[in-house]
$ cat model30.txt   # compact mmCIF, C-alpha atoms
# COMPACT_ATOMS: atom_id res chain seq x y z
CA MET H 1 -66.96 -33.11 41.06
CA CYS H 2 -63.17 -32.78 40.80
CA ALA H 3 -61.47 -34.17 37.73
CA GLU H 4 -57.86 -35.26 37.46
CA PHE H 5 -55.62 -33.33 35.09
CA ASN H 6 -54.96 -35.40 31.97
CA PRO H 7 -52.10 -34.10 29.79
CA LEU H 8 -53.68 -35.75 26.75
CA ASP H 9 -56.65 -33.39 27.00
CA TRP H 10 -54.66 -30.26 26.09
CA GLN H 11 -53.89 -30.04 22.39
CA LEU H 12 -51.29 -27.26 22.65
CA LEU H 13 -49.16 -28.95 25.30
CA TYR H 14 -47.11 -30.70 22.62
CA ARG H 15 -46.93 -27.88 20.07
CA PHE H 16 -43.57 -26.32 19.21
CA PRO H 17 -43.55 -22.53 19.55
CA GLU H 18 -43.22 -20.32 16.50
CA ARG H 19 -41.03 -17.93 18.50
CA MET H 20 -37.77 -19.38 19.75
CA HIS H 21 -34.65 -17.62 20.97
CA LYS H 22 -31.34 -19.09 22.06
CA LYS H 23 -30.87 -16.53 24.85
CA SER H 24 -34.28 -16.93 26.46
CA SER H 25 -34.39 -18.35 30.00
CA TRP H 26 -38.11 -19.08 29.58
CA THR H 27 -37.93 -21.73 26.84
CA GLU H 28 -38.55 -24.73 29.08
CA HIS H 29 -41.89 -23.35 30.27
CA VAL H 30 -43.40 -22.84 26.82
CA PRO H 31 -45.45 -26.10 26.89
CA PHE H 32 -47.07 -25.09 30.18
CA ALA H 33 -47.71 -21.53 28.94
CA MET H 34 -49.61 -22.81 25.93
CA ALA H 35 -51.58 -25.37 27.93
CA LEU H 36 -52.35 -22.80 30.62
CA THR H 37 -53.78 -20.43 28.02
CA GLU H 38 -56.03 -23.25 26.86
CA MET H 39 -57.10 -24.00 30.45
CA LEU H 40 -57.87 -20.40 31.36
CA HIS H 41 -59.34 -18.99 28.15
CA PRO H 42 -58.31 -15.56 29.52
CA ARG H 43 -60.20 -12.43 28.53
CA ILE H 44 -57.18 -10.20 29.12
CA LEU H 45 -53.58 -11.36 29.44
CA VAL H 46 -50.72 -9.09 30.59
CA GLU H 47 -47.02 -9.81 30.70
CA LEU H 48 -44.70 -7.56 32.70
CA GLY H 49 -41.19 -8.01 31.31
CA THR H 50 -40.93 -9.50 27.83
CA GLN H 51 -37.42 -9.03 26.39
CA HIS H 52 -37.06 -11.55 23.49
CA GLY H 53 -40.74 -12.48 23.73
CA VAL H 54 -40.52 -16.27 23.98
CA SER H 55 -43.07 -16.51 26.80
CA TYR H 56 -45.34 -13.78 25.44
CA CYS H 57 -45.40 -15.17 21.91
CA ALA H 58 -46.21 -18.63 23.30
CA PHE H 59 -49.30 -17.14 24.95
CA CYS H 60 -50.19 -15.29 21.75
CA GLN H 61 -49.66 -18.35 19.58
CA ALA H 62 -52.05 -20.30 21.81
CA VAL H 63 -54.65 -17.52 21.58
CA ALA H 64 -54.35 -17.45 17.79
CA GLU H 65 -54.50 -21.22 17.31
CA LEU H 66 -57.46 -21.61 19.65
CA LYS H 67 -59.21 -18.60 18.09
CA PHE H 68 -59.85 -17.07 21.49
CA THR H 69 -61.01 -13.46 21.79
CA THR H 70 -58.30 -12.73 24.37
CA ARG H 71 -56.74 -9.28 24.44
CA CYS H 72 -52.98 -9.45 25.12
CA TYR H 73 -50.50 -6.83 26.35
CA ALA H 74 -46.73 -7.09 26.71
CA VAL H 75 -45.16 -4.37 28.85
CA ASP H 76 -41.46 -3.61 28.70
CA THR H 77 -39.10 -0.71 28.04
CA TRP H 78 -36.92 -3.07 25.99
CA LEU H 79 -33.84 -1.48 27.48
CA GLY H 80 -32.89 -4.27 29.88
CA ASP H 81 -31.96 -4.22 33.57
CA VAL H 82 -29.37 -5.58 35.97
CA HIS H 83 -30.93 -9.05 35.93
CA ALA H 84 -31.87 -9.38 32.26
CA ASN H 85 -28.77 -7.36 31.28
CA TYR H 86 -28.91 -4.28 29.10
CA TYR H 87 -29.33 -4.83 25.38
CA LYS H 88 -29.53 -3.18 21.99
CA GLU H 89 -32.55 -1.85 20.06
CA SER H 90 -32.31 -4.91 17.82
CA VAL H 91 -33.95 -7.02 20.56
CA TYR H 92 -37.15 -4.98 20.34
CA LEU H 93 -37.05 -4.73 16.53
CA ASP H 94 -36.65 -8.49 16.14
CA LEU H 95 -39.62 -9.17 18.43
CA HIS H 96 -41.71 -6.45 16.78
CA LYS H 97 -41.20 -8.12 13.38
CA HIS H 98 -42.37 -11.51 14.66
CA HIS H 99 -45.22 -9.94 16.64
CA ARG H 100 -46.94 -8.49 13.56
CA ARG H 101 -48.90 -11.71 13.12
CA TYR H 102 -50.55 -11.14 16.52
CA GLU H 103 -51.40 -7.44 16.13
CA PRO H 104 -55.17 -8.04 15.66
CA PHE H 105 -55.38 -8.93 19.37
CA SER H 106 -52.02 -8.03 20.91
CA THR H 107 -50.19 -4.81 21.79
CA LEU H 108 -46.56 -4.21 22.73
CA LEU H 109 -46.62 -1.42 25.33
CA ARG H 110 -43.15 0.09 25.35
CA MET H 111 -43.21 1.79 28.71
CA THR H 112 -42.78 1.15 32.43
CA PHE H 113 -45.11 -1.19 34.30
CA GLU H 114 -46.61 1.77 36.17
CA GLN H 115 -47.29 3.69 32.94
CA ALA H 116 -49.08 0.68 31.49
CA LEU H 117 -51.67 0.62 34.29
CA GLN H 118 -53.78 3.25 32.53
CA HIS H 119 -54.13 1.02 29.46
CA VAL H 120 -55.77 -1.88 31.34
CA PRO H 121 -59.16 -1.72 33.09
CA ASP H 122 -59.47 -2.60 36.77
CA ALA H 123 -60.61 -6.13 37.65
CA SER H 124 -60.08 -7.33 34.07
CA VAL H 125 -56.84 -9.35 33.89
CA ASP H 126 -57.29 -13.11 33.97
CA LEU H 127 -53.61 -13.97 33.47
CA LEU H 128 -50.72 -11.85 34.71
CA HIS H 129 -47.13 -12.93 34.11
CA ILE H 130 -44.57 -11.06 36.23
CA ASP H 131 -41.01 -11.30 34.93
CA GLY H 132 -39.47 -7.87 35.44
CA LEU H 133 -36.75 -6.74 37.81
CA HIS H 134 -36.20 -9.62 40.24
CA PHE H 135 -35.24 -7.86 43.47
CA TYR H 136 -37.66 -8.77 46.26
CA ASP H 137 -38.95 -5.21 46.67
CA ALA H 138 -39.35 -4.80 42.91
CA VAL H 139 -41.35 -7.97 42.27
CA LYS H 140 -43.48 -7.36 45.37
CA SER H 141 -44.23 -3.86 44.14
CA ASP H 142 -45.16 -5.19 40.68
CA TYR H 143 -47.54 -7.71 42.24
CA GLU H 144 -49.19 -5.24 44.62
CA THR H 145 -49.43 -2.47 42.04
CA TRP H 146 -51.22 -4.73 39.58
CA LEU H 147 -53.53 -6.41 42.12
CA PRO H 148 -56.42 -3.97 41.37
CA LYS H 149 -56.24 -5.02 37.73
CA LEU H 150 -56.82 -8.70 38.50
CA SER H 151 -60.19 -10.34 37.91
CA ASP H 152 -62.01 -12.88 40.08
CA ARG H 153 -60.58 -15.59 37.78
CA ALA H 154 -57.02 -14.27 37.91
CA VAL H 155 -53.87 -16.36 37.82
CA VAL H 156 -50.42 -14.87 38.39
CA LEU H 157 -47.19 -16.42 37.11
CA PHE H 158 -43.82 -15.68 38.71
CA HIS H 159 -40.67 -16.66 36.83
CA ASP H 160 -37.33 -17.44 38.52
CA THR H 161 -38.82 -18.80 41.73
CA MET H 162 -35.83 -21.13 42.10
CA GLU H 163 -33.14 -18.47 41.69
CA THR H 164 -31.42 -17.38 44.90
CA GLN H 165 -28.28 -15.74 43.46
CA ARG H 166 -27.54 -12.19 42.25
CA ASP H 167 -29.99 -10.66 44.75
CA PHE H 168 -32.95 -12.44 43.14
CA GLY H 169 -35.89 -12.18 45.52
CA VAL H 170 -38.78 -13.82 43.65
CA TYR H 171 -38.37 -16.99 45.71
CA GLN H 172 -38.90 -14.97 48.90
CA LEU H 173 -42.16 -13.45 47.68
CA TRP H 174 -43.26 -16.86 46.43
CA ARG H 175 -42.75 -18.35 49.89
CA GLU H 176 -44.91 -15.60 51.38
CA LEU H 177 -47.76 -15.79 48.86
CA SER H 178 -48.04 -19.44 47.84
CA PRO H 179 -49.47 -20.78 51.14
CA ASN H 180 -52.39 -18.34 50.85
CA PHE H 181 -53.72 -19.43 47.45
CA PRO H 182 -54.07 -22.55 45.31
CA SER H 183 -50.58 -22.81 43.85
CA PHE H 184 -47.82 -24.94 42.39
CA ASN H 185 -44.15 -24.34 41.67
CA PHE H 186 -42.14 -25.84 38.81
CA GLU H 187 -38.48 -26.27 39.66
CA HIS H 188 -36.99 -26.59 36.17
CA GLY H 189 -36.19 -23.64 33.90
CA HIS H 190 -35.20 -21.40 36.86
CA GLY H 191 -38.61 -22.00 38.45
CA LEU H 192 -42.14 -20.95 37.59
CA GLY H 193 -44.79 -20.33 40.24
CA ILE H 194 -48.51 -20.56 39.46
CA LEU H 195 -50.75 -18.64 41.87
CA ALA H 196 -54.55 -18.73 41.56
CA VAL H 197 -55.33 -15.43 43.29
CA GLY H 198 -58.88 -14.97 42.00
CA SER H 199 -61.87 -15.96 44.09
CA GLN H 200 -63.28 -18.07 41.24
CA PRO H 201 -60.41 -19.81 39.42
CA PRO H 202 -61.35 -21.77 36.28
CA ALA H 203 -62.23 -25.39 37.01
CA ALA H 204 -59.61 -26.70 34.58
CA LEU H 205 -56.88 -24.84 36.44
CA LEU H 206 -58.06 -26.14 39.81
CA ASP H 207 -58.03 -29.68 38.41
CA PHE H 208 -54.44 -29.15 37.31
CA LEU H 209 -53.37 -27.73 40.67
CA ARG H 210 -55.03 -30.56 42.62
CA THR H 211 -53.33 -33.18 40.47
CA ALA H 212 -49.98 -31.38 40.56
CA ASN H 213 -50.00 -31.10 44.34
CA ALA H 214 -51.13 -34.70 44.76
CA LYS H 215 -48.42 -35.93 42.36
CA PRO H 216 -45.71 -33.24 42.43
CA ALA H 217 -42.79 -35.39 41.31
CA ALA H 218 -44.65 -36.83 38.31
CA THR H 219 -46.02 -33.42 37.32
CA ARG H 220 -42.61 -31.77 37.52
CA ALA H 221 -41.00 -34.61 35.58
CA LEU H 222 -43.61 -34.39 32.81
CA PHE H 223 -43.27 -30.66 32.27
CA ALA H 224 -39.49 -30.69 32.64
CA SER H 225 -39.38 -33.33 29.90
CA LEU H 226 -41.69 -31.34 27.64
CA GLY H 227 -39.65 -28.21 28.28
CA ARG H 228 -36.41 -30.01 27.50
CA ARG H 229 -37.91 -31.09 24.17
CA VAL H 230 -38.54 -27.44 23.24
CA LEU H 231 -35.09 -26.41 24.44
CA LEU H 232 -33.43 -29.05 22.23
CA GLU H 233 -35.50 -27.95 19.24
CA THR H 234 -34.48 -24.34 19.90
CA GLU H 235 -30.81 -25.31 19.95
CA LYS H 236 -31.27 -27.35 16.76
CA ARG H 237 -32.84 -24.45 14.87
CA TRP H 238 -30.18 -22.08 16.16
CA LEU H 239 -27.44 -24.40 14.92
CA ASN H 240 -29.10 -24.75 11.51
CA GLN H 241 -28.87 -20.98 11.04
CA LYS H 242 -25.08 -21.13 11.29
CA SER H 243 -22.57 -22.03 8.61
CA PRO H 244 -21.21 -25.61 8.56
CA VAL H 245 -17.94 -24.45 10.12
CA GLN H 246 -19.75 -22.51 12.86
CA ARG H 247 -21.95 -25.52 13.58
CA ALA H 248 -18.95 -27.81 13.90
CA LEU H 249 -17.19 -25.41 16.26
CA THR H 250 -20.33 -25.05 18.38
CA VAL H 251 -20.72 -28.82 18.71
CA LEU H 252 -17.07 -29.25 19.61
CA LYS H 253 -17.28 -26.56 22.26
CA SER H 254 -20.44 -28.09 23.72
CA LYS H 255 -18.52 -31.35 24.11
CA SER H 256 -15.66 -29.53 25.83
CA LEU H 257 -13.22 -30.53 23.08
CA LEU H 258 -12.27 -26.90 22.55
CA ARG H 259 -11.34 -24.46 25.30
$ encode --input "model30.txt" --output "structure tokens"
Amino acid sequence: MCAEFNPLDWQLLYRFPERMHKKSSWTEHVPFAMALTEMLHPRILVELGTQHGVSYCAFCQAVAELKFTTRCYAVDTWLGDVHANYYKESVYLDLHKHHRRYEPFSTLLRMTFEQALQHVPDASVDLLHIDGLHFYDAVKSDYETWLPKLSDRAVVLFHDTMETQRDFGVYQLWRELSPNFPSFNFEHGHGLGILAVGSQPPAALLDFLRTANAKPAATRALFASLGRRVLLETEKRWLNQKSPVQRALTVLKSKSLLR
């Protein structure tokens, strides 16, 4: 019997993340990431493209708080690319420091996506988050290369499904794949596509997808609101780290009083 998704059933949906970063474009999807981890109870979770680690640490925080036995892997060179921009070593070092709390079950694989394949067994990944280079050919290659690693319960997340500028091609791949599987696309936070590619998706996920597709506007509004809440908290914490003068200047600039 199908059940309707009830947002009150998922304890982590309203939790603030321990890892926040002002420059992350993923912040508004943190509530869904934590709730999705709770829905899936994944055995192995892999993220391709991590940068500041906001999405990855949200997954890890959920695993830790729920005391799941999930094994997590973040794969990145931590050098940047034309879409994420190129950045300094400090990005990796800052994430590595925060990540120490998750080391009992999580590994940062500093290498290319192809090199990481040997570290993950075939047919084992229950949750794959693809957020690397966003050219159409690149994201399609990432998806197809990692397909043999996906389990019969697998869910794949694609970030930036709503971006059509700067040669972003995730939206094109999403249009090709989404009609073939149970799926749903969030439109806030640059877009996040959820694709249930496994032959036996978890019942809780299917309940969510059925409800989301039956009530798309309400579902998108709920998660956009929850994401906005996390974004505002991120900005608040970032401001509190500044000196009083810096905070005042930032607020003035945000109100367009200074040019």
$ closest_residue --input "model30.txt" --among "H:Asn6, H:Ser151, H:Thr107, H:Gln165" --to "Cys57 in chain H" --atoms "all atoms listed in the file"
H:Thr107
$ residues_around --input "model30.txt" --residues "Ala204 in chain H" --least-positions-apart "4" --cutoff "9 Å" --atoms "only C-alpha atoms" --output "list in words"
Ala3, Phe5, Met39, Leu40, Phe208 and Leu209 of chain H
$ residues_near_point --input "model30.txt" --point "(-56.8, -3.9, 28.1)" --cutoff "9 Å" --atoms "only C-alpha atoms" --output "PyMOL selection string"
chain H and resi 44-46+71-73+118-121+124-125
$ closest_atom_pairs --input "model30.txt" --of "range 17-40 of chain H" --to "range 229-238 of chain H" --cutoff "8 Å" --atoms "all atoms listed in the file" --output "JSON lines"
{"residue": "H:Pro17", "atom": "CA", "partner": "H:Val230", "partner_atom": "CA", "distance": 7.9}
{"residue": "H:Met20", "atom": "CA", "partner": "H:Thr234", "partner_atom": "CA", "distance": 6.0}
{"residue": "H:His21", "atom": "CA", "partner": "H:Thr234", "partner_atom": "CA", "distance": 6.8}
{"residue": "H:Lys22", "atom": "CA", "partner": "H:Thr234", "partner_atom": "CA", "distance": 6.5}
{"residue": "H:Thr27", "atom": "CA", "partner": "H:Leu231", "partner_atom": "CA", "distance": 6.0}
{"residue": "H:Glu28", "atom": "CA", "partner": "H:Leu231", "partner_atom": "CA", "distance": 6.0}
{"residue": "H:Val30", "atom": "CA", "partner": "H:Val230", "partner_atom": "CA", "distance": 7.6}
{"residue": "H:Pro31", "atom": "CA", "partner": "H:Val230", "partner_atom": "CA", "distance": 7.9}
$ write_last_selection --input "model30.txt" --atoms "C-alpha atoms" --output "CSV table (one decimal), keeping the file's coordinate frame"
chain,number,residue,atom,x,y,z
H,17,PRO,CA,-43.6,-22.5,19.6
H,20,MET,CA,-37.8,-19.4,19.8
H,21,HIS,CA,-34.6,-17.6,21.0
H,22,LYS,CA,-31.3,-19.1,22.1
H,27,THR,CA,-37.9,-21.7,26.8
H,28,GLU,CA,-38.6,-24.7,29.1
H,30,VAL,CA,-43.4,-22.8,26.8
H,31,PRO,CA,-45.4,-26.1,26.9
$ closest_residue --input "model30.txt" --among "H:Glu89, H:Asp137, H:Asp167, H:Asp9" --to "His52 in chain H" --atoms "only C-alpha atoms"
H:Glu89
$ closest_residue --input "model30.txt" --among "H:Glu38, H:Asp160, H:Asp76, H:Asp126" --to "Pro201 in chain H" --atoms "all atoms listed in the file"
H:Asp126
$ residues_around --input "model30.txt" --residues "Val197 in chain H" --least-positions-apart "3" --cutoff "8 Å" --atoms "only C-alpha atoms" --output "list in words"
Asp152, Arg153, Ala154, Val155, Val156, Phe181, Pro182 and Pro201 of chain H
$ closest_residue --input "model30.txt" --among "H:Ala196, H:Leu177, H:Leu206, H:Leu95" --to "Leu127 in chain H" --atoms "only C-alpha atoms"
H:Ala196
$ residues_around --input "model30.txt" --residues "Ile194 in chain H" --least-positions-apart "5" --cutoff "6 Å" --atoms "only C-alpha atoms" --output "VMD selection string"
chain H and resid 157 183 to 184
$ residues_around --input "model30.txt" --residues "Pro104 in chain H" --least-positions-apart "6" --cutoff "12 Å" --atoms "all atoms listed in the file" --output "count of residues only"
10
$ atom_distance --input "model30.txt" --atom1 "CA of His99 in chain H" --atom2 "CA of Arg15 in chain H"
18.3 Å
$ atom_distance --input "model30.txt" --atom1 "CA of Asp142 in chain H" --atom2 "CA of Tyr87 in chain H"
22.0 Å
$ residues_around --input "model30.txt" --residues "Gly49 in chain H" --least-positions-apart "5" --cutoff "7 Å" --atoms "all atoms listed in the file" --output "list in words"
Val75, Asp76, Ile130, Asp131 and Gly132 of chain H
$ atom_distance --input "model30.txt" --atom1 "CA of Asp94 in chain H" --atom2 "CA of Leu12 in chain H"
24.7 Å
$ closest_residue --input "model30.txt" --among "H:Tyr56, H:Tyr102, H:Trp78, H:Phe168" --to "Leu128 in chain H" --atoms "all atoms listed in the file"
H:Tyr56
$ closest_residue --input "model30.txt" --among "H:Leu66, H:Met162, H:Leu48, H:Ala138" --to "Phe113 in chain H" --atoms "only C-alpha atoms"
H:Leu48
